[in-house]
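Asker: input_30.tsv is reproduced below (TSV, C-alpha atoms).
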```tsv
chain	number	residue	atom	x	y	z
A	1083	MET	CA	9.61	40.78	52.74
A	1084	SER	CA	8.39	38.53	49.94
A	1085	ASP	CA	5.35	36.41	50.58
A	1086	GLU	CA	7.03	33.63	48.61
A	1087	VAL	CA	9.97	33.27	51.02
A	1088	VAL	CA	9.30	30.57	53.61
A	1089	LEU	CA	12.14	30.45	56.12
A	1090	PRO	CA	12.97	27.04	57.64
A	1091	ILE	CA	12.67	28.35	61.18
A	1092	PRO	CA	12.79	27.12	63.81
A	1093	ASN	CA	15.18	24.38	62.68
A	1094	LEU	CA	13.24	21.19	63.46
A	1095	ALA	CA	16.41	19.11	63.19
A	1096	VAL	CA	17.61	20.65	66.47
A	1097	PRO	CA	15.04	19.05	68.84
A	1098	GLN	CA	15.38	15.81	66.86
A	1099	HIS	CA	19.11	15.70	67.67
A	1100	LEU	CA	18.35	16.51	71.30
A	1101	PHE	CA	15.83	13.67	71.40
A	1102	ILE	CA	18.47	11.24	70.18
A	1103	LEU	CA	20.99	12.49	72.74
A	1104	THR	CA	18.51	11.94	75.57
A	1105	SER	CA	17.65	8.39	74.43
A	1106	PRO	CA	20.08	5.80	75.90
A	1107	SER	CA	18.94	3.17	73.41
A	1108	LEU	CA	20.20	5.39	70.58
A	1109	SER	CA	23.74	5.71	71.92
A	1110	HIS	CA	25.17	4.67	68.56
A	1111	LEU	CA	23.81	7.95	67.14
A	1112	HIS	CA	24.91	10.20	70.01
A	1113	GLU	CA	28.24	11.39	68.62
A	1114	HIS	CA	26.78	12.49	65.28
A	1115	SER	CA	23.75	14.16	66.89
A	1116	LYS	CA	25.86	16.05	69.42
A	1117	HIS	CA	28.03	17.46	66.65
A	1118	GLU	CA	25.00	18.44	64.55
A	1119	LEU	CA	23.19	19.94	67.53
A	1120	ILE	CA	26.05	22.23	68.55
A	1121	GLU	CA	26.70	23.22	64.94
A	1122	SER	CA	23.04	24.15	64.39
A	1123	ILE	CA	22.87	26.09	67.67
A	1124	THR	CA	26.01	28.02	66.70
A	1125	THR	CA	24.89	28.69	63.13
A	1126	ASP	CA	21.46	30.03	64.19
A	1127	GLU	CA	22.91	31.73	67.30
A	1128	MET	CA	20.39	29.93	69.51
A	1129	ALA	CA	21.47	31.33	72.87
A	1130	PRO	CA	18.05	31.06	74.60
A	1131	TYR	CA	17.59	27.48	73.42
A	1132	TYR	CA	21.13	26.45	74.34
A	1133	ALA	CA	20.66	27.89	77.82
A	1134	SER	CA	17.32	26.10	78.20
A	1135	ILE	CA	18.88	22.67	77.59
A	1136	SER	CA	21.98	23.21	79.73
A	1137	SER	CA	20.49	20.98	82.43
A	1138	ILE	CA	20.02	18.18	79.89
A	1139	ILE	CA	23.37	18.21	78.09
A	1140	PRO	CA	26.71	19.80	79.13
A	1141	SER	CA	26.98	23.33	77.72
A	1142	ASP	CA	29.83	25.65	76.84
A	1143	SER	CA	29.39	28.79	78.96
A	1144	ALA	CA	31.74	30.78	76.73
A	1145	LEU	CA	29.69	29.90	73.66
A	1146	ILE	CA	26.45	30.85	75.44
A	1147	GLU	CA	27.88	34.25	76.39
A	1148	LYS	CA	29.08	34.83	72.83
A	1149	LEU	CA	25.68	33.93	71.37
A	1150	GLN	CA	23.84	36.05	73.94
A	1151	ALA	CA	25.95	39.09	73.04
A	1152	SER	CA	25.23	38.56	69.36
A	1153	ASN	CA	21.49	38.15	70.05
A	1154	LYS	CA	21.41	41.35	72.10
A	1155	LYS	CA	23.06	43.37	69.34
A	1156	ALA	CA	20.75	41.97	66.65
A	1157	LEU	CA	17.62	42.69	68.70
A	1158	GLU	CA	18.74	46.24	69.42
A	1159	GLU	CA	19.17	46.82	65.69
A	1160	LEU	CA	15.74	45.34	64.95
A	1161	ASP	CA	14.08	47.45	67.65
A	1162	GLU	CA	15.70	50.57	66.18
A	1163	LYS	CA	14.55	49.55	62.71
A	1164	LEU	CA	11.00	49.04	63.99
A	1165	GLU	CA	11.00	52.41	65.72
A	1166	LYS	CA	11.99	54.14	62.48
A	1167	ALA	CA	9.36	52.22	60.49
A	1168	GLU	CA	6.62	53.21	62.94
A	1169	ALA	CA	7.69	56.86	62.68
A	1170	MET	CA	8.20	57.11	58.94
A	1171	GLU	CA	6.76	54.11	57.06
A	1172	GLY	CA	3.35	52.66	56.30
A	1173	GLU	CA	1.45	49.60	57.50
A	1174	THR	CA	3.13	47.17	55.11
A	1175	GLU	CA	6.68	48.24	56.04
A	1176	ILE	CA	5.90	48.06	59.75
A	1177	GLY	CA	4.47	44.57	59.27
A	1178	ASP	CA	7.65	43.49	57.45
A	1179	VAL	CA	9.86	44.63	60.33
A	1180	LEU	CA	7.59	42.97	62.89
A	1181	ARG	CA	7.88	39.72	60.94
A	1182	GLU	CA	11.64	40.07	60.70
A	1183	ARG	CA	11.90	40.55	64.46
A	1184	ALA	CA	9.50	37.66	65.16
A	1185	ASN	CA	11.44	35.38	62.82
A	1186	PHE	CA	14.71	36.23	64.55
A	1187	LEU	CA	13.25	35.30	67.94
A	1188	THR	CA	11.88	32.11	66.37
A	1189	LYS	CA	15.26	31.21	64.86
A	1190	ILE	CA	17.19	31.61	68.13
A	1191	GLY	CA	14.71	29.45	70.07
A	1192	ASP	CA	13.18	31.95	72.48
A	1193	LYS	CA	9.77	30.30	72.55
A	1194	ASP	CA	7.62	32.68	74.62
A	1195	LYS	CA	8.95	35.86	73.03
A	1196	ALA	CA	8.77	34.29	69.57
A	1197	VAL	CA	5.13	33.28	69.96
A	1198	GLU	CA	4.23	36.72	71.28
A	1199	ALA	CA	6.09	38.44	68.44
A	1200	GLN	CA	4.61	36.20	65.74
A	1201	LYS	CA	1.07	36.81	67.01
A	1202	LEU	CA	1.73	40.56	67.03
A	1203	ALA	CA	3.02	40.33	63.46
A	1204	LEU	CA	-0.07	38.30	62.55
A	1205	GLU	CA	-2.29	41.03	63.94
A	1206	LYS	CA	-0.44	43.86	62.19
A	1207	THR	CA	0.28	42.23	58.80
A	1208	PRO	CA	-2.32	43.09	56.13
A	1209	GLY	CA	-1.64	40.51	53.38
A	1210	LEU	CA	-3.56	37.22	53.55
A	1211	GLY	CA	-0.67	35.17	52.19
A	1212	SER	CA	1.75	36.64	54.72
A	1213	ARG	CA	-0.69	35.99	57.56
A	1214	ILE	CA	-0.98	32.34	56.51
A	1215	ASP	CA	2.82	32.06	56.49
A	1216	ILE	CA	3.01	33.55	59.98
A	1217	THR	CA	0.40	31.09	61.23
A	1218	LEU	CA	2.33	28.15	59.75
A	1219	THR	CA	5.46	29.46	61.47
A	1220	LEU	CA	3.55	29.30	64.75
A	1221	VAL	CA	2.67	25.69	63.94
A	1222	ARG	CA	6.38	24.95	63.42
A	1223	ILE	CA	7.18	26.57	66.77
A	1224	GLY	CA	4.60	24.25	68.33
A	1225	LEU	CA	6.13	21.22	66.60
A	1226	PHE	CA	9.62	22.31	67.67
A	1227	TRP	CA	8.61	22.43	71.33
A	1228	LEU	CA	5.95	19.69	71.08
A	1229	ASP	CA	3.35	22.20	72.21
A	1230	ARG	CA	0.21	20.46	70.95
A	1231	ASP	CA	-2.13	23.29	71.98
A	1232	LEU	CA	-0.15	25.74	69.87
A	1233	VAL	CA	-0.03	23.30	66.95
A	1234	VAL	CA	-3.79	22.74	66.98
A	1235	TRP	CA	-4.48	26.46	67.35
A	1236	GLY	CA	-2.17	27.24	64.45
A	1237	LEU	CA	-3.61	24.57	62.17
A	1238	ASP	CA	-7.16	25.73	62.84
A	1239	LYS	CA	-6.17	29.35	62.25
A	1240	ALA	CA	-4.36	28.48	59.01
A	1241	GLU	CA	-7.39	26.50	57.80
A	1242	THR	CA	-9.64	29.49	58.44
A	1243	LEU	CA	-7.31	31.90	56.64
A	1244	ILE	CA	-6.85	29.58	53.66
A	1245	GLU	CA	-10.62	29.24	53.29
A	1246	GLU	CA	-10.70	33.02	52.93
A	1247	GLY	CA	-8.63	32.75	49.76
A	1248	GLY	CA	-5.32	30.96	50.24
A	1249	ASP	CA	-3.44	29.92	47.09
A	1250	TRP	CA	-2.87	26.30	46.03
A	1251	ASP	CA	0.72	26.22	47.32
A	1252	ARG	CA	-0.28	27.16	50.86
A	1253	ARG	CA	-3.24	24.78	50.74
A	1254	ASN	CA	-0.91	21.93	49.82
A	1255	ARG	CA	1.64	22.88	52.45
A	1256	LEU	CA	-1.10	22.88	55.08
A	1257	LYS	CA	-1.92	19.27	54.15
A	1258	VAL	CA	1.65	18.29	54.99
A	1259	TYR	CA	1.54	20.19	58.30
A	1260	ASN	CA	-1.73	18.49	59.22
A	1261	GLY	CA	-0.36	15.12	58.13
A	1262	LEU	CA	2.71	15.42	60.34
A	1263	HIS	CA	0.57	16.47	63.30
A	1264	LEU	CA	-1.81	13.54	62.76
A	1265	LEU	CA	1.12	11.12	62.67
A	1266	SER	CA	2.36	12.52	65.96
A	1267	ILE	CA	-1.00	11.71	67.60
A	1268	ARG	CA	-1.30	8.20	66.08
A	1269	GLN	CA	-3.86	9.04	63.39
A	1270	PHE	CA	-2.08	7.11	60.62
A	1271	SER	CA	-5.07	6.64	58.33
A	1272	ARG	CA	-6.06	10.31	58.30
A	1273	ALA	CA	-2.43	11.34	57.90
A	1274	SER	CA	-2.06	8.99	54.93
A	1275	VAL	CA	-4.93	10.64	53.04
A	1276	LEU	CA	-3.40	14.11	53.40
A	1277	LEU	CA	0.19	13.09	52.69
A	1278	LEU	CA	-0.75	11.10	49.60
A	1279	ASP	CA	-2.79	14.04	48.34
A	1280	ALA	CA	0.27	16.30	48.64
A	1281	ILE	CA	2.80	13.86	47.19
A	1282	SER	CA	2.89	15.33	43.68
A	1283	THR	CA	2.90	18.97	44.82
A	1284	PHE	CA	5.18	18.86	47.88
A	1285	THR	CA	6.83	22.20	48.64
A	1286	ALA	CA	6.92	22.24	52.46
A	1287	THR	CA	10.72	21.96	52.68
A	1288	GLU	CA	10.69	24.38	55.62
A	1289	LEU	CA	9.01	21.59	57.60
A	1290	LEU	CA	10.88	18.48	56.44
A	1291	SER	CA	12.97	17.24	53.54
A	1292	TYR	CA	11.39	15.54	50.53
A	1293	ASN	CA	12.91	12.18	51.45
A	1294	ASP	CA	11.56	12.45	55.00
A	1295	PHE	CA	8.16	13.39	53.59
A	1296	ILE	CA	8.11	10.32	51.34
A	1297	ALA	CA	9.26	8.13	54.23
A	1298	LEU	CA	6.41	9.34	56.46
A	1299	THR	CA	3.93	8.94	53.60
A	1300	VAL	CA	5.00	5.32	53.05
A	1301	ILE	CA	4.94	4.54	56.78
A	1302	ALA	CA	1.45	5.97	57.24
A	1303	SER	CA	0.04	4.48	54.05
A	1304	ALA	CA	1.47	0.97	54.45
A	1305	LEU	CA	-0.72	0.59	57.51
A	1306	SER	CA	-3.80	2.25	56.01
A	1307	LEU	CA	-4.12	1.27	52.34
A	1308	SER	CA	-5.77	-1.80	50.89
A	1309	ARG	CA	-3.53	-4.16	48.96
A	1310	VAL	CA	-4.78	-2.79	45.64
A	1311	ASP	CA	-4.15	0.82	46.66
A	1312	LEU	CA	-0.77	-0.13	48.10
A	1313	LYS	CA	0.31	-1.08	44.59
A	1314	LYS	CA	-1.39	1.85	42.87
A	1315	LYS	CA	-0.57	4.71	45.24
A	1316	LEU	CA	2.80	3.66	46.62
A	1317	ILE	CA	4.65	0.91	44.81
A	1318	SER	CA	3.84	2.28	41.34
A	1319	ALA	CA	3.91	5.99	42.24
A	1320	PRO	CA	6.74	7.79	40.36
A	1321	GLU	CA	7.38	10.10	43.33
A	1322	VAL	CA	7.93	7.12	45.63
A	1323	ILE	CA	9.91	5.11	43.07
A	1324	SER	CA	12.37	8.00	42.64
A	1325	VAL	CA	13.20	8.04	46.36
A	1326	LEU	CA	13.15	4.33	47.27
A	1327	PRO	CA	16.76	3.71	46.14
A	1328	GLU	CA	17.78	6.08	48.95
A	1329	LEU	CA	15.29	4.48	51.39
A	1330	PRO	CA	15.54	0.77	50.49
A	1331	ILE	CA	13.98	-0.49	53.73
A	1332	LEU	CA	10.69	1.24	52.86
A	1333	GLY	CA	10.66	-0.42	49.46
A	1334	ASP	CA	11.33	-3.79	51.09
A	1335	LEU	CA	8.46	-3.21	53.53
A	1336	VAL	CA	5.70	-2.40	51.04
A	1337	LYS	CA	6.85	-4.75	48.27
A	1338	SER	CA	7.22	-7.77	50.55
A	1339	LEU	CA	3.80	-7.11	52.05
A	1340	TYR	CA	2.19	-6.73	48.63
A	1341	GLU	CA	3.95	-9.79	47.20
A	1342	CYS	CA	3.16	-11.87	50.32
A	1343	HIS	CA	6.80	-12.52	51.18
A	1344	TYR	CA	6.04	-12.45	54.87
A	1345	ASP	CA	9.48	-13.54	56.08
A	1346	LYS	CA	11.05	-10.59	54.27
A	1347	PHE	CA	8.25	-8.37	55.54
A	1348	PHE	CA	9.00	-9.24	59.17
A	1349	VAL	CA	12.70	-8.46	58.65
A	1350	ALA	CA	11.88	-5.15	56.95
A	1351	LEU	CA	9.44	-4.21	59.71
A	1352	ALA	CA	11.99	-4.94	62.44
A	1353	THR	CA	14.58	-2.88	60.60
A	1354	LEU	CA	12.12	-0.03	60.05
A	1355	GLU	CA	11.41	0.03	63.78
A	1356	GLN	CA	15.09	0.56	64.53
A	1357	THR	CA	15.89	3.01	61.73
A	1358	HIS	CA	12.73	5.13	61.37
A	1359	LEU	CA	10.33	4.64	64.26
A	1360	ILE	CA	12.35	4.51	67.48
A	1361	PRO	CA	14.78	7.31	66.48
A	1362	SER	CA	11.94	9.70	65.51
A	1363	ARG	CA	10.66	11.99	68.23
A	1364	PHE	CA	7.29	12.09	66.44
A	1365	LEU	CA	6.95	8.33	65.81
A	1366	ASN	CA	8.82	6.90	68.81
A	1367	PRO	CA	5.76	6.94	71.14
A	1368	HIS	CA	3.86	4.90	68.55
A	1369	ALA	CA	6.58	2.43	67.52
A	1370	ARG	CA	5.18	-0.59	69.39
A	1371	PHE	CA	1.66	0.21	68.24
A	1372	TYR	CA	2.76	0.49	64.61
A	1373	VAL	CA	4.73	-2.75	64.63
A	1374	ARG	CA	1.84	-4.61	66.27
A	1375	GLU	CA	-0.72	-3.29	63.79
A	1376	MET	CA	1.48	-4.12	60.81
A	1377	ARG	CA	1.91	-7.68	62.09
A	1378	ILE	CA	-1.84	-8.03	62.49
A	1379	LEU	CA	-2.27	-6.73	58.94
A	1380	ALA	CA	0.14	-9.37	57.61
A	1381	TYR	CA	-1.50	-12.18	59.60
A	1382	LYS	CA	-4.93	-11.16	58.30
A	1383	GLN	CA	-3.68	-11.02	54.74
A	1384	LEU	CA	-2.32	-14.57	54.95
A	1385	LEU	CA	-5.21	-16.10	56.89
A	1386	GLN	CA	-7.95	-14.71	54.64
A	1387	SER	CA	-6.67	-16.90	51.81
A	1388	TYR	CA	-7.06	-20.20	53.71
A	1389	LYS	CA	-9.60	-22.07	55.80
A	1390	SER	CA	-6.81	-23.48	57.96
A	1391	LEU	CA	-3.04	-23.45	58.28
A	1392	THR	CA	-0.61	-25.33	60.48
A	1393	LEU	CA	1.43	-23.36	62.96
A	1394	ASP	CA	4.55	-24.87	61.40
A	1395	SER	CA	3.67	-23.58	57.93
A	1396	MET	CA	2.91	-20.12	59.31
A	1397	GLY	CA	6.24	-20.14	61.12
A	1398	VAL	CA	7.98	-20.93	57.84
A	1399	ALA	CA	5.99	-18.23	56.00
A	1400	PHE	CA	6.96	-15.54	58.52
A	1401	GLY	CA	10.49	-16.79	59.14
A	1402	VAL	CA	9.95	-17.31	62.88
A	1403	ARG	CA	9.45	-20.20	65.28
A	1404	PRO	CA	5.96	-21.76	65.35
A	1405	ASP	CA	5.75	-21.01	69.10
A	1406	PHE	CA	6.21	-17.30	68.34
A	1407	VAL	CA	3.30	-17.42	65.88
A	1408	ASP	CA	1.23	-19.39	68.42
A	1409	ASN	CA	1.79	-16.78	71.14
A	1410	GLU	CA	1.11	-13.81	68.88
A	1411	LEU	CA	-2.00	-15.25	67.30
A	1412	SER	CA	-3.36	-16.25	70.70
A	1413	ARG	CA	-3.00	-12.70	71.92
A	1414	PHE	CA	-4.57	-11.15	68.83
A	1415	ILE	CA	-7.42	-13.70	68.73
A	1416	SER	CA	-8.28	-13.24	72.41
A	1417	SER	CA	-8.38	-9.45	71.96
A	1418	GLY	CA	-10.73	-9.78	68.98
A	1419	ARG	CA	-8.21	-8.55	66.41
A	1420	LEU	CA	-8.13	-11.77	64.38
A	1421	ASN	CA	-11.09	-13.96	63.39
A	1422	ALA	CA	-9.52	-17.35	63.91
A	1423	SER	CA	-9.05	-20.14	66.45
A	1424	ILE	CA	-6.12	-22.38	67.32
A	1425	ASP	CA	-6.40	-26.15	67.62
A	1426	ARG	CA	-3.41	-26.81	69.86
A	1427	VAL	CA	-3.81	-30.55	69.74
A	1428	ASN	CA	-3.35	-30.65	65.98
A	1429	ARG	CA	-1.39	-27.36	65.88
A	1430	ILE	CA	-3.74	-25.87	63.30
A	1431	VAL	CA	-5.01	-22.31	62.91
A	1432	GLU	CA	-8.59	-22.30	61.64
A	1433	THR	CA	-10.00	-19.11	60.17
A	1434	SER	CA	-13.52	-17.98	61.00
A	1435	SER	CA	-16.00	-16.85	58.37
A	1436	ASP	CA	-17.12	-13.22	58.37
A	1437	SER	CA	-20.39	-14.26	59.93
A	1438	ASP	CA	-18.46	-15.61	62.89
A	1439	ALA	CA	-16.80	-12.29	63.53
A	1440	PRO	CA	-18.10	-10.64	66.72
A	1441	GLY	CA	-18.80	-7.31	65.02
A	1442	LEU	CA	-20.64	-8.92	62.16
A	1443	SER	CA	-22.57	-11.19	64.52
A	1444	LEU	CA	-23.84	-8.11	66.31
A	1445	LYS	CA	-24.86	-6.59	62.99
A	1446	GLY	CA	-26.66	-9.80	62.06
A	1447	ALA	CA	-28.51	-9.80	65.37
A	1448	ALA	CA	-29.51	-6.18	64.81
A	1449	VAL	CA	-30.87	-7.05	61.36
A	1450	ASP	CA	-32.89	-9.92	62.86
A	1451	VAL	CA	-34.42	-7.54	65.40
A	1452	VAL	CA	-35.37	-5.05	62.66
A	1453	ILE	CA	-36.95	-7.81	60.55
A	1454	LYS	CA	-38.95	-9.16	63.49
A	1455	GLN	CA	-40.14	-5.69	64.45
A	1456	GLY	CA	-41.07	-5.03	60.82
A	1457	ASP	CA	-43.08	-8.26	60.69
A	1458	LEU	CA	-44.89	-7.23	63.86
A	1459	VAL	CA	-45.76	-3.80	62.44
A	1460	LEU	CA	-47.07	-5.37	59.21
A	1461	ALA	CA	-49.18	-7.86	61.16
A	1462	GLN	CA	-50.71	-5.10	63.28
A	1463	ALA	CA	-51.38	-3.03	60.17
A	1464	GLY	CA	-53.13	-6.01	58.57
A	1465	ARG	CA	-55.38	-6.48	61.61
A	1466	LEU	CA	-56.19	-2.77	61.67
A	1467	SER	CA	-57.16	-2.78	57.98
A	1468	ARG	CA	-59.47	-5.74	58.52
A	1469	VAL	CA	-61.16	-3.98	61.44
A	1470	LEU	CA	-61.61	-0.81	59.41
A	1471	GLY	CA	-62.86	-2.83	56.46
```
Show me, as structure tokens, the structure contained in the file I just sent.
Answerer:
Amino acid sequence: MSDEVVLPIPNLAVPQHLFILTSPSLSHLHEHSKHELIESITTDEMAPYYASISSIIPSDSALIEKLQASNKKALEELDEKLEKAEAMEGETEIGDVLRERANFLTKIGDKDKAVEAQKLALEKTPGLGSRIDITLTLVRIGLFWLDRDLVVWGLDKAETLIEEGGDWDRRNRLKVYNGLHLLSIRQFSRASVLLLDAISTFTATELLSYNDFIALTVIASALSLSRVDLKKKLISAPEVISVLPELPILGDLVKSLYECHYDKFFVALATLEQTHLIPSRFLNPHARFYVREMRILAYKQLLQSYKSLTLDSMGVAFGVRPDFVDNELSRFISSGRLNASIDRVNRIVETSSDSDAPGLSLKGAAVDVVIKQGDLVLAQAGRLSRVLG
């Protein structure tokens, strides 16, 4: 088996379709996802997986029996092939058959047996490149089943193996794997660094499509980059520009934020929430967090340019009612997320200087303490020198 062949197994679109089917708020996507789910299960002969979700969605018992029979026959043939390899072939050939068997179990969605078989193949396979590929397959199994312990174990193992001499392609693919994992645990800034670094060398199509990769890169980076870097690394990046016509909402999001068209930004953000965040099984748990943080980012960007603004003018800028702005700013100010105050009598938002920020005030106080202690030490040293003199 060639080290260069990276099989897209398990099919990560399968649990994504199941996620949509089990989300009542995504009922408008149910018909399409049900069709795609059954088609993928049939194509990959995923009898164990289909049986495991029979309590979640109605299943076709005849189809399960048909797939089970096909699985049994294929495994018998693989076991016979392995037996012959162990009797007549060398270490490399045995490792190839072990990987083939492990990949079959991975493809059909038999999690426990697949993990066991992949780890056995990892132990018996001599080539470093092949061992890295096996480890990344284990990461994909973890992502498929949302087994975070397996994902973290696999990422750490892959990192160790790559440090032993992994090639540039596998190094770059690992960045994408790490980036997706970090997004799934709400580490947008760290994910952005890795995804941006892999943007010109993306080859991890076994994990996600190129368009999905660019979409996740834009989503993570829009929240993490400075305004200057937003222009340089996203808006002007050829790789992003080539995909944005197919993902117009992402272009609207970053361009409206950069160009300070906050009313368009709010519309784009609301649309993004419905089209990319809520429907994603990786991003759905963080949808409210992401939308809140992006709103705070936009409010900060506007407020830092003025000493004061009326609530009415902010409402116009963001395309919402002034009362909405009042309520949101009050919440963010009281939680220490915005350095501003609201004069409700005159309906004015007054920005605070950096020195008024709580964090910076604490730093200033710490500096004062250091200076005072330094003065005390110098005074004592002066007295000591006079005594000695």
Asker: List the spatial neighbours of A:Asn1366 as a list in words - criterion: any atom at most 10 Å away, only C-alpha atoms, same-chain residues fewer than 6 positions off excluded.
Answerer: Ser1266, Glu1355, Gln1356, His1358, Leu1359, Ile1360 and Tyr1372 of chain A
Asker: Please provide the set of residues having any atom within 12 Å of stretch 1310-1322 of chain A, restricted to all atoms listed in the file, with same-chain residues fewer than 4 positions apart removed, written as a count of residues only.
Answerer: 40
Asker: As a list in words, please: the residues near stretch 1189-1195 of chain A (cut-off 7 Å, only C-alpha atoms, same-chain neighbours under 5 positions excluded).
Answerer: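 So, after excluding close chain neighbours, the residues are Ile1091, Pro1092, Asp1126, Glu1127, Met1128, Ala1129, Pro1130 and Tyr1131 of chain A.
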Asker: Calculated over only C-alpha atoms, which of the candidates A:Thr1124, A:Ser1134, A:Ser1109, A:Gln1386 has the smallest distance to A:Lys1148?
Answerer: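 For A:Lys1148, the nearest of the given residues is A:Thr1124.
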Asker: For A:Ile1102, which of A:Ile1216, A:Arg1363, A:Leu1145, A:Asp1345 is the closest residue, counting only C-alpha atoms?
Answerer: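 Among A:Ile1216, A:Arg1363, A:Leu1145, A:Asp1345, it is A:Arg1363 that comes nearest to A:Ile1102.
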Asker: Using only C-alpha atoms, give me every residue within 12 Å of (2.9, -13.8, 68.2) in file coordinates, as an MDAnalysis selection string.
Answerer: chainID A and resid 1348 1373:1375 1377:1378 1380:1381 1393 1396:1397 1400 1402:1416 1420
